[in-house]
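Here is the structure we will look at.
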Amino acid sequence: MNDAVREALSDILFFDDATPIDELVRRCTEPVYLDGEAAAALAGDGGAFALWPEPDGCALLAADLHSLVRDAGLPDGRLVLRLPAAIDGVPLVRIAADAFRPWLSYGVGLRLLVLPEGMKETADGALSPLCFERLFAPSTLTRFGTRHVQWSKLTRYPDEVEYLVHPDNPALFAEGGSLYSRNGETLIAQAYPYGECVEVRNGVRAIRPDAFLHTPHPPKRIVCPDSLEEARDDIDGALLWIRNPETEFAHTLKEAGRRAVSPAYRIIDGDVFDFDADGNAALVTSSHEKTAVVPPECVGESVLARIGRRSLPLRVKSAVMPAGVKEIEDGNVCEGAERIVIGEQVERIGRGCFMHAAETCVVRIPRSVRSIGERSFSGGWIRLEALDTVVYIPAGVRGLFDARPYRENDKAQFETVETPDVASEGDACFTVPFNMRAYDDLLAGDRAFLTKTQALVERLAGRAAIEREAIASFARQLEKNAESACMLIAEKRSKRAIERLADTGFYEEEQRFLFQCDQLRKAHAAEALGCLMQRREPAAPARPSDRFSF
């Protein structure tokens, strides 16, 4: 690159960290036209810019900022990028999607990005993941595409982001560094830094999903004006929408299960709480840095009665629900938790709660629970207190948490009530949010999972009744891993499991019978051992004299 070309291209990209930004913008809004050698060096073969013909000009298809910075001998920060208005007489009217590709722009920090007069559109993703502190939009820009930045370790994070718009632009305007539609009804991009709380301009009706994506650290709270009508859920799942509870948008947030709090919210030890019309408190979000979550029983004088949607951290070691909690809403995953305690007053557990947790422990489901959502407790163990039975919830299984009526039969086992509608008030029927028939069909089927032997043993040891055909199927499956099954039964000291398996002939094999007896003796399970000895019929002696042999 000769000196003339380098000087021509210096109007496109240069270093400036001293000139006041207002003066710099005024100077850089004068259009730049590139012709001849400079145009060939920038957009010719091997140039930093790749162009694509458009009906009314050309589009910037790709821009290699790394090569521009290297060839010009510039530092990698505090730069000014001033896109040309025309190249060889062809106006630049659009920036295509992914024009500033990550491998061509990562690590380059722009103090100012100036879009030229005559440009009409930046496509969705056109400026991702470009790092700029200020952007100037000309009067001709009518569409500013979405900017979903994919942050990584190579990303250069801006210290601030502001938008400037030509006053004659018919589609956009800027106020306080934030970018809005001309009528002020849509927030397109919020100025950064945000601080703890962002107050959205009054009159805004919609917030674009990428409005808060200039940094990997979004605001924690957003104050919504009464005019707000739309804010999509993919803006950020962690945001709290402080709102007037009487507005239509407040009802929309509530129906969608979004995180929203009233102006009366409180923050205690990093946890955010809100209050309902009945004066009860609800956990809206908990600090994601916590490894153990133990919310308080009361917030001020209000009882904590609800754990809000996605309010618990994604991964914790322990989660203990207070005694007054009645509802745990959807999405409280708590993946990998080693200890989960469900309070005695909980009535509802939502979908996708406590997933892949309690793999090494059993979560007790109290009798108060009336419903459990799908995918909850998947990959973990739960003990249904009402049925005195431990079950395993394989990942991906549906239909286990359908509520079913049960009653105790004359064998002290809980059986499913087939016709609950005709059950009299005198019947001791009760409802449990678990379909034991569907679970038995799952265990009796061919589906394999790592803990199936243990799941079968736990099921045989529980008080929930089992059909004879299902017990026979369980026994056949346990025969494939008989020693492990016998050891697990001994650990459980389960007389009920021994009885059920003995009825199927599981212990007719002499070696298996002796092994089970030995394991029961080691576990000091005298009652189960006695049951096994009584259930197994002794073999007839070969000779009469053998009756008295030792």
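Letters A, B, ... go to the chains of the structure tokens in the order shown; residues in each chain start at 1; ligands are counted from 1 in the same order.
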Spatial neighbours of stretch 485-488 of chain A, 8 Å, only C-alpha atoms, chain gap at least 5 places, as an MDAnalysis selection string: chainID A and resid 453:454 457 478 515:516 519
Please write the residues from the selection above to a file, keeping N, CA, C and O atoms, as an mmCIF file, in the first residue's frame.
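Output contents, as saved in selection39.cif:
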data_model
loop_
_atom_site.group_PDB
_atom_site.id
_atom_site.type_symbol
_atom_site.label_atom_id
_atom_site.label_comp_id
_atom_site.auth_asym_id
_atom_site.auth_seq_id
_atom_site.Cartn_x
_atom_site.Cartn_y
_atom_site.Cartn_z
ATOM 1 N N THR A 453 -32.402 -51.368 38.604
ATOM 2 C CA THR A 453 -32.446 -52.423 39.626
ATOM 3 C C THR A 453 -32.874 -51.842 40.967
ATOM 4 O O THR A 453 -33.736 -52.387 41.656
ATOM 5 N N GLN A 454 -32.281 -50.715 41.336
ATOM 6 C CA GLN A 454 -32.650 -50.074 42.600
ATOM 7 C C GLN A 454 -34.093 -49.587 42.559
ATOM 8 O O GLN A 454 -34.825 -49.701 43.558
ATOM 9 N N VAL A 457 -36.372 -52.525 43.199
ATOM 10 C CA VAL A 457 -36.354 -52.928 44.609
ATOM 11 C C VAL A 457 -37.152 -51.938 45.454
ATOM 12 O O VAL A 457 -37.937 -52.335 46.328
ATOM 13 N N LEU A 478 -35.044 -58.663 37.694
ATOM 14 C CA LEU A 478 -34.072 -58.739 38.781
ATOM 15 C C LEU A 478 -33.215 -59.996 38.683
ATOM 16 O O LEU A 478 -32.093 -60.026 39.200
ATOM 17 N N PHE A 515 -27.826 -66.985 49.347
ATOM 18 C CA PHE A 515 -27.158 -65.681 49.275
ATOM 19 C C PHE A 515 -28.025 -64.598 49.914
ATOM 20 O O PHE A 515 -27.536 -63.743 50.665
ATOM 21 N N GLN A 516 -29.343 -64.647 49.651
ATOM 22 C CA GLN A 516 -30.239 -63.661 50.247
ATOM 23 C C GLN A 516 -30.291 -63.811 51.761
ATOM 24 O O GLN A 516 -30.268 -62.818 52.502
ATOM 25 N N GLN A 519 -27.149 -62.292 53.216
ATOM 26 C CA GLN A 519 -27.185 -60.827 53.201
ATOM 27 C C GLN A 519 -28.134 -60.283 54.262
ATOM 28 O O GLN A 519 -27.836 -59.269 54.917
#
From stretch 160-313 of chain A, collect each residue whose DSSP state is helix (DSSP H, G or I) and return the set as a PyMOL selection string. chain A and resi 248-256
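Secondary structure from DSSP on the backbone puts strand (DSSP E) at the following positions of stretch 264-299 of chain A: Arg266, Ile267, Ile268, Asp271, Val272, Phe273, Asp274, Phe275, Ala281, Ala282, Leu283, Val284, Thr285, Ala292, Val293, Cys298 and Val299 of chain A.
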Deliver the residues from the most recent selection as a file, using N, CA and C atoms, as a compact mmCIF listing (two decimals), in the first residue's frame.
# COMPACT_ATOMS: atom_id res chain seq x y z
N ARG A 266 -38.77 -5.76 48.02
CA ARG A 266 -37.65 -5.61 48.97
C ARG A 266 -36.52 -6.55 48.56
N ILE A 267 -35.28 -6.12 48.83
CA ILE A 267 -34.10 -6.93 48.56
C ILE A 267 -33.44 -7.25 49.90
N ILE A 268 -33.28 -8.54 50.19
CA ILE A 268 -32.67 -8.98 51.44
C ILE A 268 -31.59 -10.00 51.11
N ASP A 271 -31.57 -11.44 47.68
CA ASP A 271 -32.82 -12.04 47.22
C ASP A 271 -33.88 -10.95 47.09
N VAL A 272 -34.69 -11.05 46.02
CA VAL A 272 -35.73 -10.06 45.77
C VAL A 272 -37.08 -10.66 46.13
N PHE A 273 -37.85 -9.94 46.93
CA PHE A 273 -39.17 -10.39 47.37
C PHE A 273 -40.22 -9.37 46.96
N ASP A 274 -41.43 -9.88 46.69
CA ASP A 274 -42.55 -9.00 46.39
C ASP A 274 -43.74 -9.44 47.23
N PHE A 275 -44.83 -8.68 47.16
CA PHE A 275 -45.99 -8.93 48.02
C PHE A 275 -47.25 -8.94 47.17
N ALA A 281 -45.80 -12.81 51.03
CA ALA A 281 -44.57 -12.51 50.30
C ALA A 281 -44.27 -13.61 49.31
N ALA A 282 -43.53 -13.25 48.25
CA ALA A 282 -43.11 -14.22 47.24
C ALA A 282 -41.65 -13.96 46.89
N LEU A 283 -40.90 -15.04 46.72
CA LEU A 283 -39.51 -14.91 46.27
C LEU A 283 -39.52 -14.74 44.76
N VAL A 284 -38.99 -13.62 44.28
CA VAL A 284 -38.98 -13.33 42.84
C VAL A 284 -37.68 -13.83 42.20
N THR A 285 -36.57 -13.60 42.85
CA THR A 285 -35.30 -14.11 42.36
C THR A 285 -34.30 -14.18 43.50
N ALA A 292 -26.26 -22.46 48.55
CA ALA A 292 -27.32 -23.00 49.40
C ALA A 292 -28.41 -21.94 49.53
N VAL A 293 -29.64 -22.33 49.27
CA VAL A 293 -30.76 -21.39 49.32
C VAL A 293 -31.69 -21.80 50.46
N CYS A 298 -40.48 -15.48 56.88
CA CYS A 298 -41.26 -14.25 56.80
C CYS A 298 -40.39 -13.13 56.24
N VAL A 299 -41.01 -12.23 55.49
CA VAL A 299 -40.36 -11.01 55.01
C VAL A 299 -41.08 -9.86 55.68
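For stretch 351-364 of chain A, the non-local neighbours within 8 Å, defined as residues at least 3 positions apart in the same chain or in other chains and counting only C-alpha atoms, are Glu329, Asp330, Gly331, Asn332, Val333, Cys334, Glu335, Gly336, Ala337, Glu338, Arg339, Ile340, Val341, Ile342, Ile372, Gly373, Glu374, Arg375, Ser376, Phe377, Ser378, Gly379, Gly380, Trp381, Ile382, Arg383, Leu384, Glu385 and Val390 of chain A.
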Would you mind exporting the chosen residues as an mmCIF file, in the first residue's frame, restricted to N, CA, C and O atoms?
data_model
loop_
_atom_site.group_PDB
_atom_site.id
_atom_site.type_symbol
_atom_site.label_atom_id
_atom_site.label_comp_id
_atom_site.auth_asym_id
_atom_site.auth_seq_id
_atom_site.Cartn_x
_atom_site.Cartn_y
_atom_site.Cartn_z
ATOM 1 N N GLU A 329 -43.258 -22.368 41.760
ATOM 2 C CA GLU A 329 -43.643 -22.192 40.363
ATOM 3 C C GLU A 329 -42.635 -22.810 39.400
ATOM 4 O O GLU A 329 -41.583 -23.309 39.809
ATOM 5 N N ASP A 330 -42.941 -22.757 38.113
ATOM 6 C CA ASP A 330 -42.173 -23.436 37.071
ATOM 7 C C ASP A 330 -40.721 -22.959 37.013
ATOM 8 O O ASP A 330 -40.407 -21.806 37.314
ATOM 9 N N GLY A 331 -39.859 -23.869 36.563
ATOM 10 C CA GLY A 331 -38.496 -23.506 36.188
ATOM 11 C C GLY A 331 -37.492 -23.372 37.298
ATOM 12 O O GLY A 331 -36.370 -22.904 37.052
ATOM 13 N N ASN A 332 -37.812 -23.779 38.517
ATOM 14 C CA ASN A 332 -36.830 -23.738 39.603
ATOM 15 C C ASN A 332 -35.997 -25.028 39.552
ATOM 16 O O ASN A 332 -36.242 -25.981 40.286
ATOM 17 N N VAL A 333 -35.014 -25.042 38.671
ATOM 18 C CA VAL A 333 -34.305 -26.270 38.296
ATOM 19 C C VAL A 333 -33.445 -26.811 39.431
ATOM 20 O O VAL A 333 -33.525 -27.990 39.785
ATOM 21 N N CYS A 334 -32.582 -25.957 40.008
ATOM 22 C CA CYS A 334 -31.679 -26.385 41.090
ATOM 23 C C CYS A 334 -30.903 -27.649 40.696
ATOM 24 O O CYS A 334 -30.833 -28.615 41.453
ATOM 25 N N GLU A 335 -30.347 -27.636 39.515
ATOM 26 C CA GLU A 335 -29.677 -28.816 38.976
ATOM 27 C C GLU A 335 -28.503 -29.243 39.859
ATOM 28 O O GLU A 335 -27.694 -28.426 40.287
ATOM 29 N N GLY A 336 -28.427 -30.531 40.142
ATOM 30 C CA GLY A 336 -27.320 -31.080 40.912
ATOM 31 C C GLY A 336 -27.432 -30.900 42.405
ATOM 32 O O GLY A 336 -26.480 -31.208 43.136
ATOM 33 N N ALA A 337 -28.555 -30.408 42.903
ATOM 34 C CA ALA A 337 -28.701 -30.201 44.340
ATOM 35 C C ALA A 337 -28.590 -31.532 45.089
ATOM 36 O O ALA A 337 -29.149 -32.535 44.683
ATOM 37 N N GLU A 338 -27.826 -31.507 46.168
ATOM 38 C CA GLU A 338 -27.634 -32.709 46.975
ATOM 39 C C GLU A 338 -28.649 -32.813 48.106
ATOM 40 O O GLU A 338 -28.797 -33.870 48.723
ATOM 41 N N ARG A 339 -29.327 -31.717 48.369
ATOM 42 C CA ARG A 339 -30.328 -31.710 49.446
ATOM 43 C C ARG A 339 -31.484 -30.806 49.042
ATOM 44 O O ARG A 339 -31.275 -29.630 48.718
ATOM 45 N N ILE A 340 -32.686 -31.365 49.038
ATOM 46 C CA ILE A 340 -33.889 -30.598 48.719
ATOM 47 C C ILE A 340 -34.933 -30.902 49.778
ATOM 48 O O ILE A 340 -35.258 -32.072 50.010
ATOM 49 N N VAL A 341 -35.445 -29.869 50.413
ATOM 50 C CA VAL A 341 -36.450 -30.027 51.456
ATOM 51 C C VAL A 341 -37.709 -29.288 51.022
ATOM 52 O O VAL A 341 -37.683 -28.078 50.783
ATOM 53 N N ILE A 342 -38.803 -30.024 50.889
ATOM 54 C CA ILE A 342 -40.097 -29.457 50.516
ATOM 55 C C ILE A 342 -40.914 -29.250 51.782
ATOM 56 O O ILE A 342 -41.107 -30.177 52.566
ATOM 57 N N ILE A 372 -47.860 -31.851 40.652
ATOM 58 C CA ILE A 372 -46.443 -31.733 40.301
ATOM 59 C C ILE A 372 -46.374 -31.625 38.785
ATOM 60 O O ILE A 372 -46.995 -32.412 38.067
ATOM 61 N N GLY A 373 -45.629 -30.652 38.272
ATOM 62 C CA GLY A 373 -45.536 -30.434 36.834
ATOM 63 C C GLY A 373 -44.601 -31.413 36.148
ATOM 64 O O GLY A 373 -43.730 -32.023 36.778
ATOM 65 N N GLU A 374 -44.787 -31.567 34.847
ATOM 66 C CA GLU A 374 -43.960 -32.475 34.058
ATOM 67 C C GLU A 374 -42.491 -32.040 34.096
ATOM 68 O O GLU A 374 -42.184 -30.865 34.206
ATOM 69 N N ARG A 375 -41.614 -33.026 33.987
ATOM 70 C CA ARG A 375 -40.157 -32.884 33.971
ATOM 71 C C ARG A 375 -39.567 -32.534 35.333
ATOM 72 O O ARG A 375 -38.353 -32.477 35.471
ATOM 73 N N SER A 376 -40.397 -32.278 36.324
ATOM 74 C CA SER A 376 -39.856 -32.025 37.652
ATOM 75 C C SER A 376 -39.264 -33.308 38.224
ATOM 76 O O SER A 376 -39.772 -34.403 37.978
ATOM 77 N N PHE A 377 -38.176 -33.155 38.956
ATOM 78 C CA PHE A 377 -37.460 -34.260 39.617
ATOM 79 C C PHE A 377 -36.908 -35.285 38.628
ATOM 80 O O PHE A 377 -36.540 -36.390 39.027
ATOM 81 N N SER A 378 -36.860 -34.961 37.338
ATOM 82 C CA SER A 378 -36.340 -35.934 36.373
ATOM 83 C C SER A 378 -34.879 -36.240 36.691
ATOM 84 O O SER A 378 -34.085 -35.361 37.001
ATOM 85 N N GLY A 379 -34.555 -37.529 36.628
ATOM 86 C CA GLY A 379 -33.204 -37.966 36.961
ATOM 87 C C GLY A 379 -32.951 -38.054 38.449
ATOM 88 O O GLY A 379 -31.794 -38.160 38.878
ATOM 89 N N GLY A 380 -34.000 -38.018 39.279
ATOM 90 C CA GLY A 380 -33.827 -38.053 40.729
ATOM 91 C C GLY A 380 -34.839 -38.960 41.412
ATOM 92 O O GLY A 380 -35.745 -39.516 40.783
ATOM 93 N N TRP A 381 -34.681 -39.086 42.727
ATOM 94 C CA TRP A 381 -35.537 -39.942 43.545
ATOM 95 C C TRP A 381 -36.489 -39.101 44.378
ATOM 96 O O TRP A 381 -36.086 -38.060 44.923
ATOM 97 N N ILE A 382 -37.728 -39.550 44.495
ATOM 98 C CA ILE A 382 -38.679 -38.883 45.383
ATOM 99 C C ILE A 382 -39.391 -39.944 46.224
ATOM 100 O O ILE A 382 -39.560 -41.086 45.797
ATOM 101 N N ARG A 383 -39.763 -39.535 47.440
ATOM 102 C CA ARG A 383 -40.533 -40.406 48.317
ATOM 103 C C ARG A 383 -41.920 -39.816 48.470
ATOM 104 O O ARG A 383 -42.082 -38.706 49.002
ATOM 105 N N LEU A 384 -42.919 -40.525 47.964
ATOM 106 C CA LEU A 384 -44.300 -40.079 48.093
ATOM 107 C C LEU A 384 -44.795 -40.453 49.478
ATOM 108 O O LEU A 384 -45.104 -41.619 49.757
ATOM 109 N N GLU A 385 -44.836 -39.464 50.350
ATOM 110 C CA GLU A 385 -45.182 -39.713 51.744
ATOM 111 C C GLU A 385 -46.565 -40.336 51.876
ATOM 112 O O GLU A 385 -46.784 -41.209 52.721
ATOM 113 N N VAL A 390 -40.946 -45.064 47.450
ATOM 114 C CA VAL A 390 -39.877 -44.316 46.791
ATOM 115 C C VAL A 390 -39.884 -44.663 45.308
ATOM 116 O O VAL A 390 -39.941 -45.846 44.939
#
For A:Pro55, list every protein, DNA or RNA residue within 10 Å, evaluated using only C-alpha atoms, and leave out those in the same chain fewer than 3 positions away; present the list as a ChimeraX atom specification. /A:58-59,93
Pick out the residues sitting within 8 Å of stretch 136-149 of chain A, and hand them over as a VMD selection string; count only C-alpha atoms, and ignore anything fewer than 3 positions along from it in its own chain. chain A and resid 25 112 to 129 163 to 172 210 213 to 214
Can you tell me, as a PyMOL selection string, what residues are no more than 10 Å from A:Pro263 when counting only C-alpha atoms, ignoring any on the same chain fewer than 4 positions away? chain A and resi 223+241-245+274-275
Keeping only N, CA and C atoms, write those residues as a compact mmCIF listing (two decimals), in the first residue's frame.
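Okay, this is what ended up in again.txt:
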# COMPACT_ATOMS: atom_id res chain seq x y z
N VAL A 223 -37.62 -0.30 35.32
CA VAL A 223 -38.84 0.39 35.72
C VAL A 223 -39.67 0.66 34.48
N TRP A 241 -39.19 -6.63 36.20
CA TRP A 241 -39.96 -5.52 35.67
C TRP A 241 -40.75 -4.87 36.81
N ILE A 242 -40.31 -3.73 37.25
CA ILE A 242 -41.02 -3.00 38.30
C ILE A 242 -42.17 -2.26 37.61
N ARG A 243 -43.37 -2.50 38.02
CA ARG A 243 -44.50 -1.96 37.27
C ARG A 243 -45.64 -1.56 38.20
N ASN A 244 -46.53 -0.76 37.65
CA ASN A 244 -47.78 -0.42 38.32
C ASN A 244 -48.70 -1.63 38.22
N PRO A 245 -49.08 -2.24 39.32
CA PRO A 245 -49.85 -3.49 39.25
C PRO A 245 -51.22 -3.35 38.63
N ASP A 274 -41.43 -9.88 46.69
CA ASP A 274 -42.55 -9.00 46.39
C ASP A 274 -43.74 -9.44 47.23
N PHE A 275 -44.83 -8.68 47.16
CA PHE A 275 -45.99 -8.93 48.02
C PHE A 275 -47.25 -8.94 47.17
Surrounding residues of A:Val198 excluding itself and chain neighbours under 6 positions, 9 Å, only C-alpha atoms, as number ranges by chain: A: 190, 219-224
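A straight line drawn from atom CA of A:Gly184 to atom CA of A:Phe132 is 23.7 Å long.
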Determine the nearest neighbour of A:Asn481 from the options A:Gly308, A:Leu135, A:Gly107, A:Arg512, counting only C-alpha atoms.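 Comparing A:Gly308, A:Leu135, A:Gly107, A:Arg512 against A:Asn481, the winner is A:Arg512.
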Could you check the closest approach to A:Thr247 for each of A:Phe449, A:Ser227, A:Asn409, A:Glu508 and tell me which residue wins, using only C-alpha atoms?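 The answer is A:Ser227, which sits nearest to A:Thr247.
Residue nearest A:Pro193 within the list A:Glu230, A:Asp88, A:Glu160, A:Glu30: A:Glu160 [criterion: smallest interatomic distance, only C-alpha atoms].
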